[in-house]
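Trainee: Below is upload06.cif; it holds mmCIF, C-alpha atoms.
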data_start
loop_
_atom_site.label_atom_id
_atom_site.label_comp_id
_atom_site.auth_asym_id
_atom_site.auth_seq_id
_atom_site.Cartn_x
_atom_site.Cartn_y
_atom_site.Cartn_z
CA MET A 1 126.88 83.95 73.92
CA ASN A 2 125.94 86.71 71.52
CA THR A 3 122.61 88.18 72.59
CA THR A 4 122.57 91.10 70.14
CA ILE A 5 119.29 91.29 68.23
CA THR A 6 118.76 92.18 64.57
CA ALA A 7 117.43 95.51 63.35
CA GLU A 8 114.43 93.61 61.99
CA GLN A 9 113.62 92.15 65.42
CA LEU A 10 113.91 95.57 66.99
CA LEU A 11 111.76 97.38 64.44
CA GLN A 12 109.15 94.65 64.02
CA GLN A 13 108.50 94.57 67.75
CA LEU A 14 108.41 98.36 68.09
CA ARG A 15 105.97 98.53 65.18
CA TRP A 16 103.86 95.84 66.82
CA ARG A 17 103.44 97.84 70.01
CA TYR A 18 100.73 100.47 70.35
CA ALA A 19 99.10 102.34 73.21
CA THR A 20 96.72 99.55 74.19
CA LYS A 21 93.23 100.86 74.90
CA GLN A 22 91.50 97.57 75.71
CA PHE A 23 93.35 94.96 77.71
CA ASP A 24 92.11 91.40 78.03
CA PRO A 25 91.25 91.38 81.75
CA THR A 26 91.59 87.59 81.92
CA ARG A 27 95.23 87.47 80.81
CA LYS A 28 97.97 88.11 83.34
CA VAL A 29 101.67 88.66 82.74
CA SER A 30 103.42 85.64 84.29
CA GLU A 31 105.63 86.05 87.35
CA THR A 32 108.67 85.16 85.25
CA ASP A 33 107.87 87.66 82.51
CA TRP A 34 107.09 90.36 85.05
CA ALA A 35 110.35 89.75 86.91
CA ALA A 36 112.24 90.28 83.63
CA LEU A 37 110.41 93.56 82.98
CA GLU A 38 111.19 94.75 86.51
CA GLU A 39 114.83 93.84 86.04
CA ALA A 40 115.02 95.53 82.62
CA THR A 41 113.50 98.73 83.99
CA LEU A 42 115.77 98.65 87.03
CA LEU A 43 118.64 98.80 84.54
CA ALA A 44 117.36 102.11 83.08
CA PRO A 45 119.98 104.84 83.31
CA SER A 46 119.31 107.95 85.36
CA SER A 47 121.06 111.23 86.04
CA PHE A 48 124.24 110.48 88.06
CA GLY A 49 122.81 106.99 88.54
CA LEU A 50 120.64 108.29 91.38
CA GLN A 51 117.41 106.49 90.35
CA PRO A 52 115.33 109.25 91.97
CA TYR A 53 112.05 107.33 91.86
CA GLN A 54 110.05 104.36 92.99
CA LEU A 55 108.01 102.20 90.65
CA LEU A 56 104.77 101.26 92.35
CA VAL A 57 102.81 98.22 91.22
CA VAL A 58 99.24 98.58 92.33
CA ARG A 59 97.78 95.09 92.80
CA ASP A 60 94.85 95.78 95.11
CA PRO A 61 91.68 95.79 92.92
CA ALA A 62 89.82 98.20 95.20
CA LEU A 63 92.70 100.65 95.05
CA ARG A 64 92.82 100.37 91.27
CA LYS A 65 89.11 101.11 91.11
CA ARG A 66 89.66 104.29 93.11
CA LEU A 67 92.59 105.29 90.92
CA GLN A 68 90.49 104.71 87.80
CA LEU A 69 88.12 107.44 88.94
CA ALA A 70 91.11 109.79 89.14
CA ALA A 71 92.14 108.82 85.61
CA PHE A 72 89.13 109.81 83.54
CA ASN A 73 87.69 106.36 84.21
CA GLN A 74 90.05 104.77 81.68
CA ALA A 75 89.51 101.02 81.53
CA GLN A 76 93.22 100.11 81.35
CA ILE A 77 93.69 101.10 84.99
CA VAL A 78 91.60 98.17 86.15
CA ASP A 79 91.73 95.77 83.17
CA ALA A 80 95.48 95.56 82.57
CA SER A 81 97.44 92.80 84.23
CA HIS A 82 99.77 95.33 85.91
CA LEU A 83 99.47 99.02 86.76
CA VAL A 84 102.73 100.86 87.39
CA VAL A 85 102.84 104.32 88.93
CA PHE A 86 106.17 106.02 88.22
CA ALA A 87 106.69 108.10 91.34
CA ALA A 88 109.51 110.66 91.45
CA LYS A 89 111.29 111.26 94.75
CA SER A 90 110.35 114.68 96.12
CA ASN A 91 112.62 114.60 99.16
CA LEU A 92 116.15 114.09 97.85
CA ASP A 93 118.65 115.50 100.35
CA GLU A 94 122.21 114.97 101.56
CA ALA A 95 121.16 111.79 103.33
CA SER A 96 119.80 110.39 100.01
CA ILE A 97 123.14 111.13 98.38
CA ASP A 98 124.95 109.30 101.17
CA THR A 99 122.64 106.30 100.84
CA TYR A 100 123.53 106.19 97.14
CA LEU A 101 127.26 106.49 97.85
CA GLN A 102 127.01 103.62 100.32
CA ARG A 103 125.45 101.54 97.58
CA ILE A 104 128.36 102.39 95.25
CA THR A 105 130.96 101.43 97.87
CA GLN A 106 129.08 98.18 98.41
CA VAL A 107 128.70 97.21 94.73
CA ARG A 108 132.09 98.42 93.54
CA GLN A 109 134.07 97.68 96.68
CA VAL A 110 135.59 101.14 96.77
CA PRO A 111 136.34 102.99 100.01
CA ALA A 112 133.95 105.89 100.73
CA ALA A 113 136.91 108.29 100.84
CA LYS A 114 137.48 107.72 97.11
CA LEU A 115 134.01 109.14 96.45
CA ALA A 116 134.52 112.45 98.28
CA VAL A 117 134.84 114.52 95.10
CA PHE A 118 131.83 112.80 93.53
CA ARG A 119 129.86 113.41 96.75
CA GLU A 120 130.67 117.12 96.65
CA MET A 121 129.62 117.28 93.02
CA LEU A 122 126.33 115.49 93.63
CA ILE A 123 125.45 117.71 96.57
CA ASN A 124 126.33 120.86 94.66
CA SER A 125 124.40 119.76 91.56
CA VAL A 126 121.35 118.02 92.95
CA VAL A 127 120.84 119.24 96.50
CA LYS A 128 122.21 122.78 96.59
CA GLY A 129 122.11 123.56 92.87
CA MET A 130 118.35 123.21 92.45
CA ASP A 131 115.34 124.50 94.34
CA ASP A 132 112.60 122.01 95.28
CA GLY A 133 110.65 122.62 92.08
CA ALA A 134 113.63 122.17 89.78
CA ARG A 135 114.78 119.08 91.68
CA LEU A 136 111.38 117.44 91.36
CA ALA A 137 111.23 118.32 87.65
CA TRP A 138 114.65 116.74 87.23
CA ALA A 139 113.53 113.61 89.10
CA ARG A 140 110.37 113.40 86.99
CA HIS A 141 112.50 113.48 83.82
CA GLN A 142 114.32 110.37 84.99
CA THR A 143 111.05 108.48 85.39
CA TYR A 144 110.32 109.02 81.70
CA ILE A 145 113.59 107.35 80.72
CA ALA A 146 112.57 104.35 82.84
CA LEU A 147 109.15 104.43 81.18
CA GLY A 148 110.80 104.31 77.75
CA ILE A 149 112.89 101.31 78.81
CA LEU A 150 109.84 99.50 80.21
CA LEU A 151 107.80 100.14 77.06
CA SER A 152 110.50 98.96 74.67
CA SER A 153 111.29 95.96 76.87
CA ALA A 154 107.64 94.91 76.97
CA ALA A 155 107.31 95.31 73.19
CA LEU A 156 110.40 93.19 72.54
CA ARG A 157 108.89 90.47 74.75
CA ALA A 158 105.52 90.75 72.95
CA ILE A 159 103.82 92.12 76.02
CA ASP A 160 101.38 95.00 75.56
CA ALA A 161 101.51 98.28 77.40
CA CYS A 162 100.01 101.74 77.48
CA PRO A 163 101.84 104.81 78.76
CA MET A 164 99.34 107.15 80.44
CA GLU A 165 99.55 110.79 81.45
CA GLY A 166 95.79 111.32 81.61
CA PHE A 167 95.29 111.21 85.35
CA ASP A 168 95.09 113.64 88.24
CA ARG A 169 98.51 113.64 89.87
CA GLY A 170 97.20 115.29 93.03
CA GLN A 171 94.47 112.69 93.48
CA PHE A 172 96.89 109.84 92.81
CA ASP A 173 99.28 111.29 95.39
CA GLU A 174 96.49 111.50 97.92
CA ILE A 175 94.96 108.07 97.27
CA LEU A 176 98.36 106.37 97.46
CA GLY A 177 99.67 108.49 100.34
CA LEU A 178 102.71 109.46 98.31
CA PRO A 179 103.68 112.84 99.83
CA GLN A 180 104.23 111.16 103.22
CA LYS A 181 106.60 108.76 101.45
CA GLY A 182 108.52 111.57 99.74
CA LEU A 183 107.09 110.64 96.35
CA ALA A 184 105.11 112.36 93.60
CA ALA A 185 103.07 110.45 90.99
CA THR A 186 104.43 111.35 87.55
CA VAL A 187 103.36 108.97 84.79
CA LEU A 188 101.70 105.55 84.49
CA ALA A 189 102.14 102.40 82.48
CA THR A 190 99.53 99.70 82.23
CA VAL A 191 100.94 96.36 81.09
CA GLY A 192 99.27 93.15 79.97
CA TYR A 193 97.78 91.72 76.80
CA ARG A 194 95.57 93.44 74.25
CA SER A 195 91.96 92.42 73.91
CA ALA A 196 91.15 90.72 70.59
CA THR A 197 88.45 93.36 70.12
CA ASP A 198 90.54 96.51 70.67
CA PRO A 199 89.94 98.44 67.43
CA TYR A 200 93.05 100.53 68.07
CA SER A 201 95.25 97.49 67.55
CA LEU A 202 94.33 97.58 63.85
CA PHE A 203 94.91 101.28 63.19
CA PRO A 204 98.02 102.15 61.18
CA LYS A 205 100.61 103.78 63.42
CA VAL A 206 100.80 107.54 62.88
CA ARG A 207 104.23 109.15 62.96
CA PHE A 208 105.53 112.26 61.25
CA PRO A 209 107.84 111.47 58.32
CA LYS A 210 111.31 110.63 59.60
CA GLU A 211 112.89 113.67 57.94
CA GLN A 212 110.54 115.99 59.84
CA VAL A 213 111.61 114.59 63.21
CA TRP A 214 115.25 113.70 62.64
CA ARG A 215 117.22 116.68 61.35
CA CYS A 216 120.89 117.05 60.52
CA LEU A 217 122.94 120.06 61.55
CA MET B 1 108.01 85.50 61.40
CA ASN B 2 108.27 85.65 65.17
CA THR B 3 110.62 88.48 66.11
CA THR B 4 110.03 88.36 69.89
CA ILE B 5 113.29 88.22 71.82
CA THR B 6 114.09 86.22 74.94
CA ALA B 7 114.33 87.69 78.44
CA GLU B 8 117.97 86.68 78.42
CA GLN B 9 118.67 88.68 75.24
CA LEU B 10 116.91 91.70 76.70
CA LEU B 11 118.66 91.60 80.07
CA GLN B 12 122.09 90.69 78.77
CA GLN B 13 122.10 93.62 76.38
CA LEU B 14 120.76 96.06 78.96
CA ARG B 15 123.43 94.88 81.40
CA TRP B 16 126.05 95.32 78.71
CA ARG B 17 125.18 98.98 78.17
CA TYR B 18 126.67 101.71 80.34
CA ALA B 19 127.00 105.46 80.14
CA THR B 20 130.02 105.47 77.85
CA LYS B 21 132.64 107.97 78.94
CA GLN B 22 135.27 107.33 76.27
CA PHE B 23 134.17 106.64 72.73
CA ASP B 24 136.54 105.30 70.09
CA PRO B 25 136.70 108.34 67.81
CA THR B 26 137.73 106.20 64.84
CA ARG B 27 134.63 104.01 64.86
CA LYS B 28 131.45 105.25 63.22
CA VAL B 29 127.96 103.77 63.37
CA SER B 30 127.17 102.57 59.84
CA GLU B 31 124.47 104.28 57.79
CA THR B 32 122.35 101.12 57.98
CA ASP B 33 122.65 100.82 61.74
CA TRP B 34 121.97 104.52 62.21
CA ALA B 35 118.88 104.37 60.00
CA ALA B 36 117.52 101.57 62.21
CA LEU B 37 118.12 103.61 65.37
CA GLU B 38 116.40 106.62 63.81
CA GLU B 39 113.45 104.45 62.84
CA ALA B 40 113.25 102.81 66.28
CA THR B 41 113.26 106.20 68.00
CA LEU B 42 110.69 107.59 65.58
CA LEU B 43 108.42 104.80 66.84
CA ALA B 44 108.65 106.07 70.44
CA PRO B 45 105.23 106.83 71.86
CA SER B 46 104.39 110.38 72.94
CA SER B 47 101.49 112.11 74.62
CA PHE B 48 98.49 112.03 72.22
CA GLY B 49 100.99 110.91 69.57
CA LEU B 50 102.01 114.53 69.02
CA GLN B 51 105.80 113.90 68.93
CA PRO B 52 106.45 117.42 70.26
CA TYR B 53 110.16 117.42 69.47
CA GLN B 54 112.88 117.29 66.87
CA LEU B 55 115.92 115.06 67.15
CA LEU B 56 118.95 116.95 65.91
CA VAL B 57 122.02 115.09 64.73
CA VAL B 58 125.00 117.40 64.86
CA ARG B 59 127.50 116.28 62.24
CA ASP B 60 129.55 119.43 61.74
CA PRO B 61 132.81 118.96 63.71
CA ALA B 62 133.28 122.70 64.32
CA LEU B 63 129.78 122.95 65.73
CA ARG B 64 130.39 119.95 67.97
CA LYS B 65 133.58 121.58 69.25
CA ARG B 66 131.60 124.68 70.20
CA LEU B 67 128.92 122.58 71.88
CA GLN B 68 131.58 120.69 73.82
CA LEU B 69 132.58 123.95 75.50
CA ALA B 70 128.96 124.36 76.60
CA ALA B 71 128.94 120.82 78.01
CA PHE B 72 131.71 120.93 80.61
CA ASN B 73 134.16 119.99 77.87
CA GLN B 74 133.00 116.36 77.95
CA ALA B 75 134.85 114.29 75.36
CA GLN B 76 131.83 112.31 74.19
CA ILE B 77 130.42 115.40 72.46
CA VAL B 78 133.20 115.34 69.87
CA ASP B 79 134.44 111.73 70.04
CA ALA B 80 131.19 109.81 69.64
CA SER B 81 130.09 108.78 66.19
CA HIS B 82 126.77 110.61 66.57
CA LEU B 83 125.57 113.45 68.78
CA VAL B 84 121.81 113.79 69.17
CA VAL B 85 120.20 116.86 70.71
CA PHE B 86 116.66 116.10 71.86
CA ALA B 87 114.89 119.41 71.29
CA ALA B 88 111.37 119.93 72.62
CA LYS B 89 108.95 122.07 70.63
CA SER B 90 108.36 125.37 72.40
CA ASN B 91 105.79 126.75 69.98
CA LEU B 92 102.95 124.21 69.86
CA ASP B 93 99.75 125.96 68.86
CA GLU B 94 96.45 125.29 67.08
CA ALA B 95 98.26 125.15 63.75
CA SER B 96 100.56 122.40 65.10
CA ILE B 97 97.51 120.42 66.15
CA ASP B 98 96.05 120.78 62.68
CA THR B 99 99.30 119.66 61.06
CA TYR B 100 99.15 116.55 63.24
CA LEU B 101 95.50 115.90 62.37
CA GLN B 102 96.34 116.19 58.68
CA ARG B 103 98.99 113.54 59.21
CA ILE B 104 96.40 111.25 60.84
CA THR B 105 93.93 111.72 57.99
CA GLN B 106 96.73 110.94 55.55
CA VAL B 107 98.03 107.80 57.31
CA ARG B 108 94.69 106.38 58.40
CA GLN B 109 92.62 107.56 55.47
CA VAL B 110 89.96 109.04 57.70
CA PRO B 111 88.05 112.23 56.85
CA ALA B 112 89.08 115.28 58.92
CA ALA B 113 85.49 115.65 60.13
CA LYS B 114 85.82 112.38 62.03
CA LEU B 115 88.58 113.95 64.10
CA ALA B 116 86.61 116.99 65.26
CA VAL B 117 86.12 115.72 68.82
CA PHE B 118 89.76 114.66 69.07
CA ARG B 119 90.81 118.10 67.77
CA GLU B 120 88.75 119.83 70.42
CA MET B 121 90.27 117.62 73.12
CA LEU B 122 93.83 118.25 71.92
CA ILE B 123 93.33 122.00 71.80
CA ASN B 124 91.72 122.06 75.23
CA SER B 125 94.41 119.84 76.75
CA VAL B 126 97.59 120.97 75.08
CA VAL B 127 97.02 124.49 73.74
CA LYS B 128 94.48 126.09 76.08
CA GLY B 129 94.92 123.81 79.10
CA MET B 130 98.58 124.65 79.74
CA ASP B 131 100.55 127.87 79.97
CA ASP B 132 103.80 128.14 78.00
CA GLY B 133 105.91 126.81 80.85
CA ALA B 134 103.74 123.77 81.53
CA ARG B 135 103.46 123.01 77.81
CA LEU B 136 107.23 123.07 77.38
CA ALA B 137 107.68 120.87 80.49
CA TRP B 138 105.17 118.42 78.99
CA ALA B 139 107.03 118.43 75.65
CA ARG B 140 110.35 117.90 77.42
CA HIS B 141 108.90 114.84 79.19
CA GLN B 142 108.16 113.27 75.82
CA THR B 143 111.77 113.67 74.70
CA TYR B 144 112.87 111.52 77.65
CA ILE B 145 110.63 108.65 76.49
CA ALA B 146 112.29 108.88 73.07
CA LEU B 147 115.68 108.93 74.79
CA GLY B 148 114.78 105.73 76.65
CA ILE B 149 113.78 104.05 73.39
CA LEU B 150 116.99 105.17 71.66
CA LEU B 151 119.17 103.93 74.54
CA SER B 152 117.52 100.52 74.77
CA SER B 153 117.50 100.15 70.99
CA ALA B 154 121.21 100.93 70.76
CA ALA B 155 122.01 98.48 73.57
CA LEU B 156 120.05 95.69 71.92
CA ARG B 157 122.02 96.31 68.71
CA ALA B 158 125.32 96.35 70.68
CA ILE B 159 125.87 100.02 69.97
CA ASP B 160 127.16 102.19 72.80
CA ALA B 161 125.54 105.38 74.00
CA CYS B 162 125.67 107.94 76.75
CA PRO B 163 122.66 109.99 77.89
CA MET B 164 123.81 113.46 78.94
CA GLU B 165 122.15 116.21 80.92
CA GLY B 166 125.39 117.97 81.85
CA PHE B 167 125.26 120.86 79.41
CA ASP B 168 124.07 124.44 79.35
CA ARG B 169 120.65 124.42 77.73
CA GLY B 170 120.73 128.15 77.11
CA GLN B 171 124.08 128.00 75.35
CA PHE B 172 123.01 125.00 73.27
CA ASP B 173 119.86 126.88 72.25
CA GLU B 174 121.92 129.87 71.23
CA ILE B 175 124.67 127.99 69.39
CA LEU B 176 122.12 125.94 67.44
CA GLY B 177 119.67 128.81 66.90
CA LEU B 178 116.86 126.76 68.43
CA PRO B 179 114.51 129.47 69.76
CA GLN B 180 114.06 130.82 66.22
CA LYS B 181 113.02 127.29 65.21
CA GLY B 182 110.55 126.96 68.07
CA LEU B 183 112.77 124.42 69.83
CA ALA B 184 114.43 124.07 73.23
CA ALA B 185 117.43 121.79 73.87
CA THR B 186 116.45 119.28 76.54
CA VAL B 187 118.75 116.27 76.77
CA LEU B 188 121.56 114.71 74.71
CA ALA B 189 122.62 111.26 73.61
CA THR B 190 126.04 110.47 72.24
CA VAL B 191 126.14 107.22 70.26
CA GLY B 192 129.03 105.16 68.90
CA TYR B 193 131.45 102.53 70.17
CA ARG B 194 133.27 102.43 73.49
CA SER B 195 137.00 102.88 73.58
CA ALA B 196 138.92 99.76 74.62
CA THR B 197 140.53 101.89 77.33
CA ASP B 198 137.39 103.33 78.95
CA PRO B 199 137.79 102.27 82.59
CA TYR B 200 134.07 102.82 83.19
CA SER B 201 133.24 99.90 80.91
CA LEU B 202 134.68 97.56 83.55
CA PHE B 203 132.93 98.96 86.63
CA PRO B 204 130.09 96.86 88.04
CA LYS B 205 126.76 98.52 87.35
CA VAL B 206 125.32 100.20 90.44
CA ARG B 207 121.57 99.95 91.00
CA PHE B 208 119.56 99.98 94.20
CA PRO B 209 118.22 96.53 95.12
CA LYS B 210 115.12 95.74 93.09
CA GLU B 211 112.86 95.69 96.15
CA GLN B 212 113.86 99.27 97.02
CA VAL B 213 112.82 100.57 93.60
CA TRP B 214 109.88 98.33 92.70
CA ARG B 215 107.22 98.36 95.41
CA CYS B 216 103.85 96.63 95.60
CA LEU B 217 100.73 98.39 96.81
#
Turn this file's structure into structure tokens for me.
Mentor:
Amino acid sequence: MNTTITAEQLLQQLRWRYATKQFDPTRKVSETDWAALEEATLLAPSSFGLQPYQLLVVRDPALRKRLQLAAFNQAQIVDASHLVVFAAKSNLDEASIDTYLQRITQVRQVPAAKLAVFREMLINSVVKGMDDGARLAWARHQTYIALGILLSSAALRAIDACPMEGFDRGQFDEILGLPQKGLAATVLATVGYRSATDPYSLFPKVRFPKEQVWRCL
Amino acid sequence: MNTTITAEQLLQQLRWRYATKQFDPTRKVSETDWAALEEATLLAPSSFGLQPYQLLVVRDPALRKRLQLAAFNQAQIVDASHLVVFAAKSNLDEASIDTYLQRITQVRQVPAAKLAVFREMLINSVVKGMDDGARLAWARHQTYIALGILLSSAALRAIDACPMEGFDRGQFDEILGLPQKGLAATVLATVGYRSATDPYSLFPKVRFPKEQVWRCL
């Protein structure tokens, strides 16, 4: 079956999306729809395929209330159906690489010995080739690709979302106990359905003219 | 017209995509298809809507050959239909903020005076609130969201792509003269059509089990 979509479908849905400021707190994303968004985001590419992050769905209302205070009190944190914290792995080491290689041998049914050169390359690039700061920056970059996939996937399914960087990473880390888990809060997405009264849903989308962003060399 | 797509369309197309290693050098993305991908990526969200990047399409074959040498000689750089360099802005200042505010007044037909509070917030957050290194890191993050949107858009349109971080940023900057333009090469995407002989197109996709990536709190 051909599941390719048209350019019109793609562009209409991306034009429809906007950074939702007011979610309808009574509307929840269904389990089925949410499972599809999780699956779509799981399919996001990452450097070497390492997926150096966890995607944390905060369901506990009391916890979301505490996080809201660490996010300039923005309403989306508590009103959206789902709150996702993109948390980069801060503790990638040789053992993490081996866990990944085991996953490859399992999925692709290749003997571990065949991956020896790849293992060497990963360790030299990711573990030995970067200091802790550079490695975390690299891991954080990967979370933004996943964020982009989640946002476009939601838009194509007519589900609203708001990417959010306006929060205190240190406070999020502390509230969620992330350092002990080898994680570092990086960026958020709130997902749900826009409120009928969100004035931002009516504002024309502002983008620079295409020729100022896309340039030919 | 309802342009929402089904979960099956979304997931099938995202499963179909892979980091293309061998492009068919004879197949080009049509002008119409490319224009849609440019438009889709232009619609990517960014922090405060500032779009702190340019997306550089390198068409000159000689230039692509030189860039290939600065990218571990990877074939995609010259074989893909399109090479995109995501270049973060390294020179964002008060004037950049004002250019953006002018764009808002133009698109939304609001008087500049109405944006005074927003202007203050942008300058405090982006210009005064970050040193040069943090501001560039923040701008680079935004390019990865745009990359995610480009990759998912291409997949949904059955166009192949490969995100690439394996290149020498410094050499790319120098070859393309980016510092003089206030830009810094951050990440690449090659876009086109897979070669029928790319063995990677047949490998099962490796991802960690969903429950290891998505966690509930």
Trainee: Please identify all polymer residues lying at most 8 Å from the point (108.4, 107.9, 62.8) (file coordinates), using all atoms listed in the file, and present the result as a PyMOL selection string.
Mentor: (chain A and resi 206-210+213) or (chain B and resi 39-44)
Trainee: Tell me the residues of chain B close to chain A, meaning within 6 Å using all atoms listed in the file, as a PyMOL selection string.
Mentor: chain B and resi 3-5+9+11+40+54-59+144-145+148-149+156-158+213-217
Trainee: Print the selection's residues with C-alpha atoms to a file, as a short mmCIF file (atom, residue, chain, number, x, y, z; two decimals), keeping the file's coordinate frame.
Mentor:
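This went into again_20.cif:
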data_model
loop_
_atom_site.label_atom_id
_atom_site.label_comp_id
_atom_site.auth_asym_id
_atom_site.auth_seq_id
_atom_site.Cartn_x
_atom_site.Cartn_y
_atom_site.Cartn_z
CA THR B 3 110.62 88.48 66.11
CA THR B 4 110.03 88.36 69.89
CA ILE B 5 113.29 88.22 71.82
CA GLN B 9 118.67 88.68 75.24
CA LEU B 11 118.66 91.60 80.07
CA ALA B 40 113.25 102.81 66.28
CA GLN B 54 112.88 117.29 66.87
CA LEU B 55 115.92 115.06 67.15
CA LEU B 56 118.95 116.95 65.91
CA VAL B 57 122.02 115.09 64.73
CA VAL B 58 125.00 117.40 64.86
CA ARG B 59 127.50 116.28 62.24
CA TYR B 144 112.87 111.52 77.65
CA ILE B 145 110.63 108.65 76.49
CA GLY B 148 114.78 105.73 76.65
CA ILE B 149 113.78 104.05 73.39
CA LEU B 156 120.05 95.69 71.92
CA ARG B 157 122.02 96.31 68.71
CA ALA B 158 125.32 96.35 70.68
CA VAL B 213 112.82 100.57 93.60
CA TRP B 214 109.88 98.33 92.70
CA ARG B 215 107.22 98.36 95.41
CA CYS B 216 103.85 96.63 95.60
CA LEU B 217 100.73 98.39 96.81
#
Trainee: Would you compute the distance between atom CA of A:Ile175 and atom CA of A:Asp132? Give it in Å to one decimal.
Mentor: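 Between atom CA of A:Ile175 and atom CA of A:Asp132 the gap works out to 22.6 Å.
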Trainee: Smallest atom-to-atom distance to A:Leu183: which of A:Arg169, A:Lys21, A:Arg66, A:Arg27, using only C-alpha atoms?
Mentor: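 Of all the options, A:Arg169 lies closest to A:Leu183.
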Trainee: Point out the residue among B:Glu120, B:Asp24, B:Asp131, B:Asp93 with the least atom-to-atom distance to B:Val78, counting only C-alpha atoms.
Mentor: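 Distance minimum relative to B:Val78 lands on B:Asp24.
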Trainee: Tell me, as a compact mmCIF listing (two decimals) with C-alpha atoms, keeping the file's coordinate frame, which residues lie within 7 Å of A:Phe172, counting only C-alpha atoms; anything in the same chain fewer than 4 positions away does not count.
Mentor:
# COMPACT_ATOMS: atom_id res chain seq x y z
CA LEU A 67 92.59 105.29 90.92
CA ALA A 70 91.11 109.79 89.14
CA ASP A 168 95.09 113.64 88.24
CA LEU A 176 98.36 106.37 97.46
CA ALA A 185 103.07 110.45 90.99
Trainee: Could you jot down the atom CA of A:Lys114 to atom CA of A:Ile97 separation for me, Å, one decimal place?
Mentor: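 Separation between atom CA of A:Lys114 and atom CA of A:Ile97: 14.8 Å.
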Trainee: In Å to one decimal, how far is atom CA of B:Gly182 from atom CA of B:Lys89?
Mentor: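 Separation of atom CA of B:Lys89 and atom CA of B:Gly182: 5.7 Å.
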Trainee: On this structure, the PyMOL selection byres ((chain B and resi 194) around 8) would catch which residues? List them as a list in words, sorted by chain and number.
Mentor: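 Answer for the PyMOL selection byres ((chain B and resi 194) around 8): Thr20, Lys21, Gln22, Phe23, Asp24, Asp160, Gly192, Tyr193, Ser195, Ala196, Asp198 and Ser201 of chain B.
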Trainee: Can you tell me, as a list in words, what residues are no more than 8 Å from A:Arg135 when counting all atoms listed in the file, ignoring any on the same chain fewer than 5 positions away?
Mentor: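 With the cut-off at 8 Å, the set is Ser90, Val126, Val127 and Met130 of chain A.
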Trainee: Could you take the residues named above and write them with C-alpha atoms, as an mmCIF file, in the coordinates of the input?
Mentor:
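Generated file (result_12.cif):
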data_model
loop_
_atom_site.group_PDB
_atom_site.id
_atom_site.type_symbol
_atom_site.label_atom_id
_atom_site.label_comp_id
_atom_site.auth_asym_id
_atom_site.auth_seq_id
_atom_site.Cartn_x
_atom_site.Cartn_y
_atom_site.Cartn_z
ATOM 1 C CA SER A 90 110.350 114.680 96.120
ATOM 2 C CA VAL A 126 121.350 118.020 92.950
ATOM 3 C CA VAL A 127 120.840 119.240 96.500
ATOM 4 C CA MET A 130 118.350 123.210 92.450
#
Trainee: With all atoms of stretch 5-8 of chain A from the file as input, state the centre and edge lengths in Å to one decimal of the axis-aligned box that has 4 Å extra on each side, as lines of an AutoDock Vina configuration file.
Mentor:
center_x = 116.9
center_y = 93.4
center_z = 65.1
size_x = 12.9
size_y = 12.2
size_z = 14.2
Trainee: Will you model N, CA and C atoms for stretch 78-88 of chain A and pass it back as an mmCIF file, in the coordinates of the input?
Mentor:
data_model
loop_
_atom_site.group_PDB
_atom_site.id
_atom_site.type_symbol
_atom_site.label_atom_id
_atom_site.label_comp_id
_atom_site.auth_asym_id
_atom_site.auth_seq_id
_atom_site.Cartn_x
_atom_site.Cartn_y
_atom_site.Cartn_z
ATOM 1 N N VAL A 78 92.070 99.359 85.440
ATOM 2 C CA VAL A 78 91.600 98.170 86.150
ATOM 3 C C VAL A 78 91.743 96.884 85.329
ATOM 4 N N ASP A 79 91.733 96.986 84.010
ATOM 5 C CA ASP A 79 91.730 95.770 83.170
ATOM 6 C C ASP A 79 93.113 95.209 82.892
ATOM 7 N N ALA A 80 94.137 96.049 82.898
ATOM 8 C CA ALA A 80 95.480 95.560 82.570
ATOM 9 C C ALA A 80 95.971 94.607 83.648
ATOM 10 N N SER A 81 96.841 93.721 83.262
ATOM 11 C CA SER A 81 97.440 92.800 84.230
ATOM 12 C C SER A 81 98.160 93.587 85.331
ATOM 13 N N HIS A 82 98.983 94.565 84.941
ATOM 14 C CA HIS A 82 99.770 95.330 85.910
ATOM 15 C C HIS A 82 99.591 96.839 85.690
ATOM 16 N N LEU A 83 99.487 97.549 86.789
ATOM 17 C CA LEU A 83 99.470 99.020 86.760
ATOM 18 C C LEU A 83 100.712 99.511 87.489
ATOM 19 N N VAL A 84 101.519 100.302 86.785
ATOM 20 C CA VAL A 84 102.730 100.860 87.390
ATOM 21 C C VAL A 84 102.602 102.367 87.510
ATOM 22 N N VAL A 85 102.788 102.880 88.707
ATOM 23 C CA VAL A 85 102.840 104.320 88.930
ATOM 24 C C VAL A 85 104.320 104.709 89.063
ATOM 25 N N PHE A 86 104.808 105.509 88.136
ATOM 26 C CA PHE A 86 106.170 106.020 88.220
ATOM 27 C C PHE A 86 106.141 107.217 89.161
ATOM 28 N N ALA A 87 106.764 107.063 90.316
ATOM 29 C CA ALA A 87 106.690 108.100 91.340
ATOM 30 C C ALA A 87 108.082 108.692 91.581
ATOM 31 N N ALA A 88 108.211 109.978 91.272
ATOM 32 C CA ALA A 88 109.510 110.660 91.450
ATOM 33 C C ALA A 88 109.729 110.963 92.920
#
